[in-house]
$ cat data.txt   # compact mmCIF, C-alpha atoms
# COMPACT_ATOMS: atom_id res chain seq x y z
CA MET A 196 94.35 94.44 82.61
CA LYS A 197 94.39 91.92 85.45
CA ILE A 198 97.42 91.88 87.75
CA LEU A 199 98.61 89.44 90.43
CA ILE A 200 100.69 90.86 93.29
CA VAL A 201 102.74 88.28 95.23
CA ASP A 202 104.46 89.20 98.49
CA ASP A 203 104.49 87.53 101.91
CA PHE A 204 103.96 90.86 103.71
CA SER A 205 100.42 92.19 103.44
CA THR A 206 101.60 95.79 103.96
CA MET A 207 103.88 95.54 100.93
CA ARG A 208 101.05 94.06 98.85
CA ARG A 209 98.87 96.94 99.94
CA ILE A 210 101.51 99.54 99.01
CA ILE A 211 102.01 98.01 95.56
CA LYS A 212 98.24 97.69 95.10
CA ASN A 213 97.83 101.40 95.92
CA LEU A 214 100.62 102.43 93.56
CA MET A 215 99.17 100.26 90.79
CA ARG A 216 95.76 101.87 91.29
CA ASP A 217 97.38 105.31 90.97
CA LEU A 218 98.84 104.13 87.67
CA GLY A 219 95.35 103.19 86.52
CA PHE A 220 95.49 99.44 87.18
CA THR A 221 92.52 98.73 89.40
CA ASN A 222 92.01 95.01 88.75
CA THR A 223 94.50 93.38 91.11
CA ASP A 224 94.62 90.15 93.11
CA GLU A 225 97.02 89.14 95.85
CA ALA A 226 98.92 85.98 96.85
CA ASP A 227 101.37 85.47 99.71
CA ASP A 228 103.85 83.10 98.04
CA GLY A 229 104.60 81.11 94.90
CA ASN A 230 102.59 78.10 96.01
CA THR A 231 99.37 80.12 96.22
CA ALA A 232 100.23 82.28 93.21
CA LEU A 233 100.89 79.52 90.69
CA PRO A 234 97.40 77.90 90.76
CA MET A 235 95.86 81.40 90.57
CA LEU A 236 97.98 82.21 87.52
CA ARG A 237 97.04 78.91 85.90
CA SER A 238 93.28 79.27 86.45
CA GLY A 239 92.79 83.04 86.15
CA LYS A 240 93.59 85.15 83.15
CA TYR A 241 96.34 87.44 84.41
CA ASP A 242 98.14 89.94 82.19
CA PHE A 243 100.92 90.90 84.55
CA LEU A 244 102.74 89.43 87.56
CA VAL A 245 104.46 91.48 90.27
CA THR A 246 106.40 89.28 92.71
CA ASP A 247 108.73 89.47 95.69
CA TRP A 248 111.72 87.10 95.78
CA ASN A 249 112.19 85.96 99.37
CA MET A 250 109.00 84.23 100.56
CA PRO A 251 108.30 81.14 102.66
CA GLY A 252 107.10 78.18 100.62
CA MET A 253 107.85 78.88 96.99
CA SER A 254 110.17 81.82 96.36
CA GLY A 255 109.55 84.43 93.69
CA PHE A 256 112.55 83.13 91.73
CA ASP A 257 111.08 79.61 91.64
CA LEU A 258 107.73 81.11 90.69
CA LEU A 259 109.40 82.96 87.80
CA LYS A 260 111.01 79.73 86.59
CA ALA A 261 107.71 77.84 86.94
CA VAL A 262 105.92 80.54 84.93
CA ARG A 263 108.52 80.44 82.15
CA ALA A 264 108.34 76.64 82.07
CA ASP A 265 104.54 76.64 81.74
CA GLU A 266 103.33 76.55 78.14
CA ASN A 267 100.33 78.81 78.86
CA LEU A 268 102.16 81.29 81.07
CA LYS A 269 105.60 81.55 79.50
CA ASN A 270 104.89 84.93 77.88
CA LEU A 271 103.42 86.53 81.02
CA PRO A 272 105.32 89.75 81.86
CA VAL A 273 106.95 89.45 85.29
CA LEU A 274 108.22 92.34 87.41
CA MET A 275 110.31 91.47 90.44
CA VAL A 276 110.00 93.86 93.38
CA THR A 277 112.42 92.63 96.01
CA ALA A 278 115.00 93.43 98.66
CA GLU A 279 117.38 90.90 97.07
CA ALA A 280 120.31 92.99 95.82
CA LYS A 281 123.12 90.55 95.08
CA ARG A 282 124.54 90.89 91.60
CA ASP A 283 124.38 87.11 91.10
CA GLN A 284 120.69 87.13 91.91
CA ILE A 285 119.88 89.96 89.53
CA VAL A 286 121.80 88.20 86.75
CA ALA A 287 120.04 84.90 87.59
CA ALA A 288 116.63 86.60 87.46
CA ALA A 289 117.47 88.20 84.12
CA GLN A 290 118.60 84.84 82.73
CA ALA A 291 115.44 83.20 84.03
CA GLY A 292 113.46 85.70 81.96
CA VAL A 293 112.33 88.45 84.31
CA ASN A 294 110.98 91.54 82.50
CA GLY A 295 111.90 94.10 85.14
CA TYR A 296 113.69 94.26 88.47
CA VAL A 297 112.89 96.81 91.18
CA VAL A 298 114.93 96.73 94.38
CA LYS A 299 113.34 97.67 97.70
CA PRO A 300 113.10 100.28 99.08
CA PHE A 301 111.66 101.79 95.90
CA THR A 302 109.77 104.93 94.90
CA ALA A 303 106.47 105.28 93.05
CA ALA A 304 108.37 106.86 90.15
CA VAL A 305 110.68 103.85 89.75
CA LEU A 306 107.79 101.38 89.84
CA LYS A 307 105.93 103.46 87.24
CA GLU A 308 108.97 103.70 84.99
CA LYS A 309 109.65 99.94 85.06
CA ILE A 310 106.02 99.02 84.42
CA GLU A 311 105.76 101.44 81.51
CA LYS A 312 108.99 100.08 80.06
CA ILE A 313 107.68 96.53 80.22
CA PHE A 314 104.44 97.44 78.42
CA GLU A 315 106.31 99.46 75.81
CA ARG A 316 108.41 96.43 74.92
CA ILE A 317 105.44 94.11 74.74
CA GLN A 318 103.44 96.32 72.40
CA MET B 217 160.25 74.54 128.88
CA SER B 218 159.01 78.07 128.66
CA ASP B 219 155.36 78.49 127.67
CA SER B 220 156.19 81.06 125.05
CA LYS B 221 158.21 78.55 123.01
CA HIS B 222 155.78 75.69 123.48
CA PRO B 223 152.35 77.15 123.88
CA HIS B 224 150.66 74.03 125.28
CA ARG B 225 147.71 75.92 126.57
CA GLY B 226 145.97 73.92 129.24
CA LEU B 227 149.03 71.82 130.14
CA ASP B 228 150.64 72.53 133.50
CA PRO B 229 154.37 73.42 133.38
CA GLU B 230 154.87 70.68 135.94
CA VAL B 231 153.40 68.10 133.57
CA THR B 232 155.40 69.41 130.63
CA GLU B 233 158.60 69.15 132.62
CA LYS B 234 157.87 65.57 133.59
CA LEU B 235 157.05 64.66 129.99
CA GLN B 236 160.31 66.07 128.74
CA GLN B 237 162.30 64.32 131.46
CA GLN B 238 160.69 60.96 130.71
CA THR B 239 161.10 61.35 126.97
CA SER B 240 164.83 61.78 127.27
CA GLU B 241 164.93 58.80 129.67
CA LEU B 242 163.05 56.76 127.07
CA VAL B 243 165.52 57.70 124.34
CA GLU B 244 168.41 56.86 126.61
CA SER B 245 167.08 53.44 127.61
CA VAL B 246 166.28 52.53 123.98
CA ASN B 247 169.76 53.62 122.87
CA SER B 248 171.37 51.58 125.62
CA GLY B 249 169.22 48.54 124.75
CA ASP B 250 167.37 48.50 128.12
CA PHE B 251 163.92 47.72 126.66
CA ALA B 252 162.37 46.66 129.95
CA ARG B 253 163.18 50.10 131.32
CA ALA B 254 161.89 51.67 128.11
CA MET B 255 158.51 49.92 128.46
CA ALA B 256 158.27 51.03 132.07
CA VAL B 257 158.95 54.64 131.02
CA ILE B 258 156.27 54.41 128.34
CA ASN B 259 153.77 53.28 130.98
CA GLU B 260 154.80 56.15 133.23
CA LEU B 261 154.42 58.53 130.31
CA SER B 262 150.87 57.52 129.61
CA GLU B 263 150.09 57.80 133.32
CA VAL B 264 151.36 61.37 133.34
CA ARG B 265 149.29 62.09 130.27
CA ASP B 266 146.16 60.68 131.88
CA GLN B 267 146.75 62.60 135.09
CA GLY B 268 147.23 65.83 133.16
CA LEU B 269 144.11 65.13 131.21
CA TYR B 270 142.06 64.43 134.35
CA ARG B 271 143.28 67.64 135.92
CA GLU B 272 142.37 69.59 132.75
CA VAL B 273 138.97 67.97 132.51
CA GLY B 274 138.36 68.92 136.14
CA ARG B 275 139.34 72.49 135.47
CA LEU B 276 137.29 72.69 132.31
CA THR B 277 134.27 71.26 134.09
CA ARG B 278 134.52 74.03 136.65
CA SER B 279 134.86 76.73 133.97
CA LEU B 280 132.01 75.19 132.01
CA HIS B 281 129.83 75.30 135.08
CA GLU B 282 130.81 78.93 135.54
CA ALA B 283 130.01 79.74 131.93
CA ILE B 284 126.63 78.06 132.10
CA ARG B 285 125.87 80.02 135.24
CA ASN B 286 126.73 83.17 133.33
CA PHE B 287 123.92 82.27 130.95
CA GLN B 288 121.65 82.37 133.99
CA ILE B 289 119.48 79.61 132.69
CA ASP B 290 119.34 77.87 136.04
CA ALA B 291 115.87 78.93 137.07
CA ARG B 292 116.01 77.95 140.72
CA SER B 293 116.00 81.39 142.28
CA ALA B 294 113.35 84.01 141.70
CA GLU B 295 115.95 86.40 140.34
CA GLN B 296 117.22 83.85 137.82
CA LYS B 297 113.70 82.99 136.81
CA GLU B 298 113.24 86.57 135.79
CA VAL B 299 116.38 86.50 133.68
CA LEU B 300 115.22 83.25 132.13
CA SER B 301 111.91 84.79 131.20
CA LYS B 302 113.89 87.66 129.68
CA MET B 303 115.71 85.14 127.48
CA THR B 304 112.62 83.23 126.38
CA ASP B 305 110.88 86.56 126.01
CA ALA B 306 113.16 87.73 123.23
CA SER B 307 111.19 86.15 120.42
CA ASP B 308 107.91 87.45 121.90
CA ARG B 309 109.44 90.90 121.91
CA LEU B 310 110.44 90.65 118.27
CA ALA B 311 106.97 89.37 117.41
CA TYR B 312 105.67 92.49 119.14
CA VAL B 313 107.90 94.60 116.88
CA VAL B 314 106.47 92.92 113.79
CA GLN B 315 102.96 93.45 115.12
CA MET B 316 103.56 97.12 116.00
CA THR B 317 105.18 97.98 112.67
CA GLY B 318 102.39 96.15 110.84
CA GLN B 319 99.74 98.07 112.76
CA ALA B 320 101.45 101.40 112.11
CA ALA B 321 101.79 100.65 108.40
CA ASN B 322 98.14 99.65 108.09
CA ARG B 323 96.89 102.60 110.17
CA THR B 324 98.93 104.95 107.97
CA MET B 325 97.64 103.35 104.78
CA ASP B 326 94.03 103.48 106.07
CA LEU B 327 94.39 107.22 106.58
CA VAL B 328 96.14 107.75 103.25
CA GLU B 329 93.45 105.78 101.42
CA GLU B 330 90.82 107.88 103.20
CA SER B 331 92.58 111.17 102.37
CA MET B 332 93.40 110.60 98.71
CA PRO B 333 89.80 110.74 97.41
CA VAL B 334 89.17 113.88 99.51
CA ALA B 335 92.19 115.60 97.93
CA HIS B 336 91.08 114.40 94.48
CA ALA B 337 87.54 115.71 94.95
CA MET B 338 88.86 119.10 96.10
CA ARG B 339 91.07 119.37 93.07
CA ASP B 340 88.30 118.31 90.63
CA GLU B 341 85.79 120.80 92.02
CA ALA B 342 88.40 123.59 92.09
CA GLU B 343 89.17 122.92 88.42
CA ILE B 344 85.51 123.11 87.41
CA LEU B 345 84.99 126.32 89.37
CA ARG B 346 88.14 127.89 87.91
CA ASP B 347 86.87 127.21 84.36
CA GLU B 348 83.48 128.69 85.21
CA TRP B 349 85.17 131.67 86.84
CA GLN B 350 87.18 132.26 83.67
CA ARG B 351 83.94 132.23 81.67
CA LEU B 352 82.48 134.80 84.04
CA ARG B 353 85.55 137.02 83.66
CA ARG B 354 85.28 136.74 79.88
CA ARG B 355 81.62 137.80 80.35
CA GLU B 356 80.40 134.64 78.65
CA MET B 357 77.95 133.81 81.40
CA GLU B 358 74.17 134.11 81.49
CA PRO B 359 72.66 135.56 84.70
CA ALA B 360 70.99 132.22 85.45
CA GLU B 361 74.34 130.42 85.13
CA PHE B 362 75.96 133.01 87.32
CA ARG B 363 73.42 132.42 90.08
CA GLU B 364 74.19 128.72 89.87
CA LEU B 365 77.94 129.38 90.05
CA TYR B 366 77.39 131.74 92.96
CA ALA B 367 75.67 128.98 94.95
CA ARG B 368 78.24 126.40 93.90
CA ILE B 369 81.16 128.56 95.08
CA ASP B 370 79.37 129.02 98.39
CA THR B 371 79.07 125.24 98.83
CA PHE B 372 82.68 124.78 97.75
CA PHE B 373 83.98 127.19 100.41
CA GLY B 374 81.98 125.30 102.99
CA SER B 375 83.27 121.89 101.98
CA LEU B 376 86.80 123.29 101.51
CA SER B 377 87.23 124.08 105.18
CA GLU B 378 85.56 120.79 106.16
CA ASP B 379 87.78 118.74 103.84
CA SER B 380 90.93 120.59 104.88
CA ASP B 381 90.05 119.83 108.48
CA SER B 382 89.66 116.14 107.78
CA LEU B 383 92.93 116.09 105.78
CA TYR B 384 94.72 117.87 108.61
CA LYS B 385 93.25 115.44 111.14
CA ASN B 386 94.38 112.44 109.04
CA LEU B 387 97.87 113.88 108.64
CA SER B 388 98.30 114.39 112.37
CA GLU B 389 97.07 110.83 112.97
CA ILE B 390 99.65 109.60 110.47
CA LEU B 391 102.23 111.55 112.44
CA LEU B 392 101.11 109.84 115.65
CA ALA B 393 101.20 106.41 114.00
CA GLN B 394 104.98 106.86 113.70
CA ASP B 395 105.37 106.43 117.47
CA PHE B 396 106.02 102.75 116.76
CA GLN B 397 109.62 103.72 116.01
CA ASP B 398 110.17 104.73 119.64
CA LEU B 399 108.48 101.66 121.12
CA THR B 400 109.95 99.10 118.74
CA GLY B 401 113.34 100.82 118.91
CA GLN B 402 113.45 100.28 122.67
CA VAL B 403 112.45 96.64 122.33
CA ILE B 404 115.02 96.00 119.60
CA GLN B 405 117.76 97.66 121.66
CA LYS B 406 116.93 95.36 124.60
CA VAL B 407 116.99 92.25 122.43
CA THR B 408 120.27 93.39 120.85
CA ALA B 409 121.83 93.74 124.31
CA LEU B 410 120.61 90.25 125.17
CA VAL B 411 122.03 88.77 121.96
CA LYS B 412 125.37 90.44 122.70
CA GLU B 413 125.41 88.95 126.19
CA VAL B 414 124.63 85.48 124.88
CA GLU B 415 127.30 85.86 122.21
CA ASP B 416 129.95 86.77 124.80
CA ASN B 417 129.09 83.75 126.94
CA LEU B 418 128.99 81.45 123.92
CA LEU B 419 132.40 82.70 122.90
CA GLY B 420 133.71 81.67 126.33
CA LEU B 421 132.29 78.19 125.80
CA VAL B 422 133.83 77.91 122.34
CA VAL B 423 137.27 78.89 123.68
CA MET B 424 136.94 76.25 126.38
CA ALA B 425 135.84 73.58 123.93
CA SER B 426 138.88 74.37 121.80
CA HIS B 427 141.08 73.70 124.85
CA VAL B 428 139.51 70.28 125.21
CA ASP B 429 140.08 69.63 121.50
CA GLN B 430 143.71 70.69 121.83
CA LEU B 431 144.29 68.34 124.75
CA THR B 432 142.65 65.34 123.20
CA GLY B 433 143.81 66.10 119.66
CA THR B 434 140.26 66.13 118.30
CA VAL B 435 139.72 67.62 114.86
CA HIS B 436 136.18 68.57 113.88
CA GLN B 437 134.90 68.68 110.37
CA ILE B 438 132.53 71.59 110.20
CA GLU B 439 130.38 71.81 107.13
CA GLU B 440 130.04 75.30 105.86
CA LYS B 441 126.50 76.42 105.43
CA GLU B 442 125.96 78.79 102.57
CA GLU B 443 123.03 81.11 102.18
CA SER B 444 120.91 80.03 99.25
CA ALA B 445 120.67 82.91 96.80
CA GLU B 446 117.92 80.97 95.04
CA LYS B 447 115.71 81.03 98.12
CA GLY B 448 116.56 84.67 98.73
CA VAL B 449 118.64 86.20 101.50
CA GLY B 450 116.64 89.31 102.33
CA PRO B 451 117.71 92.94 102.56
CA GLN B 452 121.45 93.57 102.38
CA ILE B 453 122.90 95.42 105.34
CA LYS B 454 125.87 97.72 104.58
CA ALA B 455 125.30 97.22 100.84
CA ALA B 456 127.57 100.18 100.00
CA GLU B 457 130.57 98.36 101.49
CA ARG B 458 130.04 95.17 99.53
CA GLU B 459 131.24 94.35 96.05
CA ASP B 460 128.74 91.60 95.26
CA VAL B 461 125.70 93.70 96.08
CA VAL B 462 124.15 96.60 94.17
CA SER B 463 123.56 99.69 96.25
CA GLY B 464 120.22 100.70 94.78
CA GLN B 465 117.97 100.84 91.74
CA ASP B 466 120.67 102.59 89.67
CA GLY B 467 122.97 99.65 90.35
CA VAL B 468 120.29 97.21 89.19
CA ASP B 469 119.63 99.22 86.03
CA ASP B 470 123.35 99.51 85.20
CA LEU B 471 123.89 95.80 85.73
CA LEU B 472 120.91 94.81 83.60
CA SER B 473 121.80 97.18 80.78
CA SER B 474 125.40 95.90 80.81
CA LEU B 475 123.88 92.46 80.20
CA GLY B 476 121.86 93.81 77.30
CA PHE B 477 118.44 93.83 78.98

$ encode --input "data.txt" --output "structure tokens"
Amino acid sequence: MKILIVDDFSTMRRIIKNLMRDLGFTNTDEADDGNTALPMLRSGKYDFLVTDWNMPGMSGFDLLKAVRADENLKNLPVLMVTAEAKRDQIVAAAQAGVNGYVVKPFTAAVLKEKIEKIFERIQ
Amino acid sequence: MSDSKHPHRGLDPEVTEKLQQQTSELVESVNSGDFARAMAVINELSEVRDQGLYREVGRLTRSLHEAIRNFQIDARSAEQKEVLSKMTDASDRLAYVVQMTGQAANRTMDLVEESMPVAHAMRDEAEILRDEWQRLRRREMEPAEFRELYARIDTFFGSLSEDSDSLYKNLSEILLAQDFQDLTGQVIQKVTALVKEVEDNLLGLVVMASHVDQLTGTVHQIEEKEESAEKGVGPQIKAAEREDVVSGQDGVDDLLSSLGF
């Protein structure tokens, strides 16, 4: 299971990376915005994408839309981990095809629950 | 003529009085068919208007000068230079906050990443020894195995105190790494005070500008800038008081399940 973690803050990437490792996912890569993430997703074989929303360059929402519009990536499970908490945004993300939405600040238990839920649905 | 009935802020009562007097004279001369007189009155009127305007512009210029001085951005004296550096310093200070919080977060995570395997190893070894100990108590152990266990427990006790020491040391370093809150808190409080000061002075300028607009009858078209939800707006402050914002993960989950996700 290969996972890409996208967040503009390296500390947040590190936290998520640590939590993912605790959940047994040790094969993770990092990107700092949508513009760097998208080529990585297209060239590497990733099974799961965890992304922030608000980032300089390409936002996580635009990345989500780009992933869904890409023939090879459209089925990639996407979990949004973000401080964006407006109802409109959550609805927009759901409509754009996000698989899970975790709002910051979050706990390890919430992240675990959402990830497990996503994999349950896929299987 | 009273200011309460006609709140012409910025117009002197003297000027207002003259305007009213000349207006009635104008009406009179038009009614009586004295158009030459009427034209003369109109000229006088515009003169009064110009004079009033000049006087106002003069006054506003003085207040504007005062307001700008309140910003203390005139770096001619040593004292003002220091204030100026305080202003330009604000973004440096905030950069320092980002740097300090980043350092603290990374230091904490370094120590946590160092401690976790130690805790894991302690637990794993304790589990193995407990199972062996149970076997001993059930008298299922050969003497040779017991001697091995005996030595292993000895080693475990040794490493236990060593590992606990290193865990304790890491925890107290994590504690110390939280001192960023004090340092960054002080910096943020200073910058907040500065922002407040600038806001007050800006407000003075805005009030003055509105006087000028009132006098000259200028109407501005101000385009409203809206935050782009698509780009992201960042963490919501006072989320509990807002209708359009969820207040936590439960809010997200409720919203999504109400949509059928």

$ interface_residues --input "data.txt" --of "chain A" --to "chain B" --cutoff "7 Å" --atoms "only C-alpha atoms" --output "PyMOL selection string"
chain A and resi 206+248-249+254+256+278-282+284+297-298

$ closest_residue --input "data.txt" --among "A:Asp202, A:Ala304, A:Lys260, A:Leu274" --to "Ala291 of chain A" --atoms "all atoms listed in the file"
A:Lys260

$ residues_around --input "data.txt" --residues "segment 238-246 of chain A" --least-positions-apart "2" --cutoff "6 Å" --atoms "all atoms listed in the file" --output "ChimeraX atom specification"
/A:196-201,235-236,255,272-276

$ atom_distance --input "data.txt" --atom1 "atom CA of Val246 of chain B" --atom2 "atom CA of Glu263 of chain B"
19.4 Å

$ atom_distance --input "data.txt" --atom1 "atom CA of Gln238 of chain B" --atom2 "atom CA of Val257 of chain B"
6.6 Å

$ closest_residue --input "data.txt" --among "B:Ser262, B:Ser307, B:Gln430, B:Asn386" --to "Ile404 of chain B" --atoms "only C-alpha atoms"
B:Ser307

$ residues_around --input "data.txt" --residues "segment 422-426 of chain B" --least-positions-apart "2" --cutoff "8 Å" --atoms "all atoms listed in the file" --output "PyMOL selection string"
chain B and resi 276+279-280+418-420+428-430

$ closest_residue --input "data.txt" --among "A:Asp257, A:Glu315, A:Asp247, A:Glu266" --to "Met207 of chain A" --atoms "only C-alpha atoms"
A:Asp247

$ atom_distance --input "data.txt" --atom1 "atom CA of Glu233 of chain B" --atom2 "atom CA of Gly433 of chain B"
19.9 Å

$ residues_around --input "data.txt" --residues "Leu261 of chain B" --least-positions-apart "3" --cutoff "12 Å" --atoms "only C-alpha atoms" --output "list in words"
Val231, Thr232, Glu233, Lys234, Leu235, Gln236, Gln237, Gln238, Thr239, Ser240, Glu241, Leu242, Ala254, Met255, Ala256, Val257, Ile258, Val264, Arg265, Asp266, Gln267 and Gly268 of chain B

$ decode --input "data.txt" --residues "segment 378-423 of chain B" --atoms "C-alpha atoms" --output "PDB file, in the first residue's frame"
ATOM      1  CA  GLU B 378      18.221   2.573  31.421  1.00  0.00           C
ATOM      2  CA  ASP B 379      15.245   2.790  29.053  1.00  0.00           C
ATOM      3  CA  SER B 380      13.020   4.430  31.657  1.00  0.00           C
ATOM      4  CA  ASP B 381      15.740   7.021  32.179  1.00  0.00           C
ATOM      5  CA  SER B 382      15.937   7.795  28.484  1.00  0.00           C
ATOM      6  CA  LEU B 383      12.124   7.976  28.229  1.00  0.00           C
ATOM      7  CA  TYR B 384      12.002  10.298  31.225  1.00  0.00           C
ATOM      8  CA  LYS B 385      14.751  12.454  29.722  1.00  0.00           C
ATOM      9  CA  ASN B 386      12.879  12.665  26.385  1.00  0.00           C
ATOM     10  CA  LEU B 387       9.625  13.561  28.127  1.00  0.00           C
ATOM     11  CA  SER B 388      11.215  16.392  30.073  1.00  0.00           C
ATOM     12  CA  GLU B 389      12.815  17.670  26.852  1.00  0.00           C
ATOM     13  CA  ILE B 390       9.383  17.598  25.218  1.00  0.00           C
ATOM     14  CA  LEU B 391       8.136  19.612  28.176  1.00  0.00           C
ATOM     15  CA  LEU B 392      10.904  22.167  27.643  1.00  0.00           C
ATOM     16  CA  ALA B 393      10.169  22.364  23.913  1.00  0.00           C
ATOM     17  CA  GLN B 394       6.797  23.888  24.841  1.00  0.00           C
ATOM     18  CA  ASP B 395       8.504  27.115  25.943  1.00  0.00           C
ATOM     19  CA  PHE B 396       7.829  28.410  22.426  1.00  0.00           C
ATOM     20  CA  GLN B 397       4.327  29.285  23.633  1.00  0.00           C
ATOM     21  CA  ASP B 398       5.727  31.897  26.013  1.00  0.00           C
ATOM     22  CA  LEU B 399       8.152  33.411  23.491  1.00  0.00           C
ATOM     23  CA  THR B 400       5.809  33.404  20.510  1.00  0.00           C
ATOM     24  CA  GLY B 401       2.929  34.566  22.712  1.00  0.00           C
ATOM     25  CA  GLN B 402       4.879  37.683  23.657  1.00  0.00           C
ATOM     26  CA  VAL B 403       5.776  38.404  20.047  1.00  0.00           C
ATOM     27  CA  ILE B 404       2.200  37.911  18.867  1.00  0.00           C
ATOM     28  CA  GLN B 405       0.880  40.193  21.608  1.00  0.00           C
ATOM     29  CA  LYS B 406       3.295  42.929  20.489  1.00  0.00           C
ATOM     30  CA  VAL B 407       2.301  42.588  16.848  1.00  0.00           C
ATOM     31  CA  THR B 408      -1.387  42.603  17.836  1.00  0.00           C
ATOM     32  CA  ALA B 409      -0.882  45.873  19.721  1.00  0.00           C
ATOM     33  CA  LEU B 410       0.837  47.322  16.668  1.00  0.00           C
ATOM     34  CA  VAL B 411      -1.972  46.225  14.340  1.00  0.00           C
ATOM     35  CA  LYS B 412      -4.506  47.815  16.706  1.00  0.00           C
ATOM     36  CA  GLU B 413      -2.578  51.083  16.677  1.00  0.00           C
ATOM     37  CA  VAL B 414      -2.387  51.104  12.884  1.00  0.00           C
ATOM     38  CA  GLU B 415      -6.090  50.298  12.673  1.00  0.00           C
ATOM     39  CA  ASP B 416      -7.003  53.240  14.922  1.00  0.00           C
ATOM     40  CA  ASN B 417      -4.937  55.648  12.840  1.00  0.00           C
ATOM     41  CA  LEU B 418      -6.305  54.251   9.582  1.00  0.00           C
ATOM     42  CA  LEU B 419      -9.812  54.716  10.913  1.00  0.00           C
ATOM     43  CA  GLY B 420      -9.017  58.400  11.492  1.00  0.00           C
ATOM     44  CA  LEU B 421      -7.870  58.691   7.880  1.00  0.00           C
ATOM     45  CA  VAL B 422     -10.995  56.975   6.579  1.00  0.00           C
ATOM     46  CA  VAL B 423     -13.250  59.352   8.546  1.00  0.00           C
TER      47      VAL B 423
END
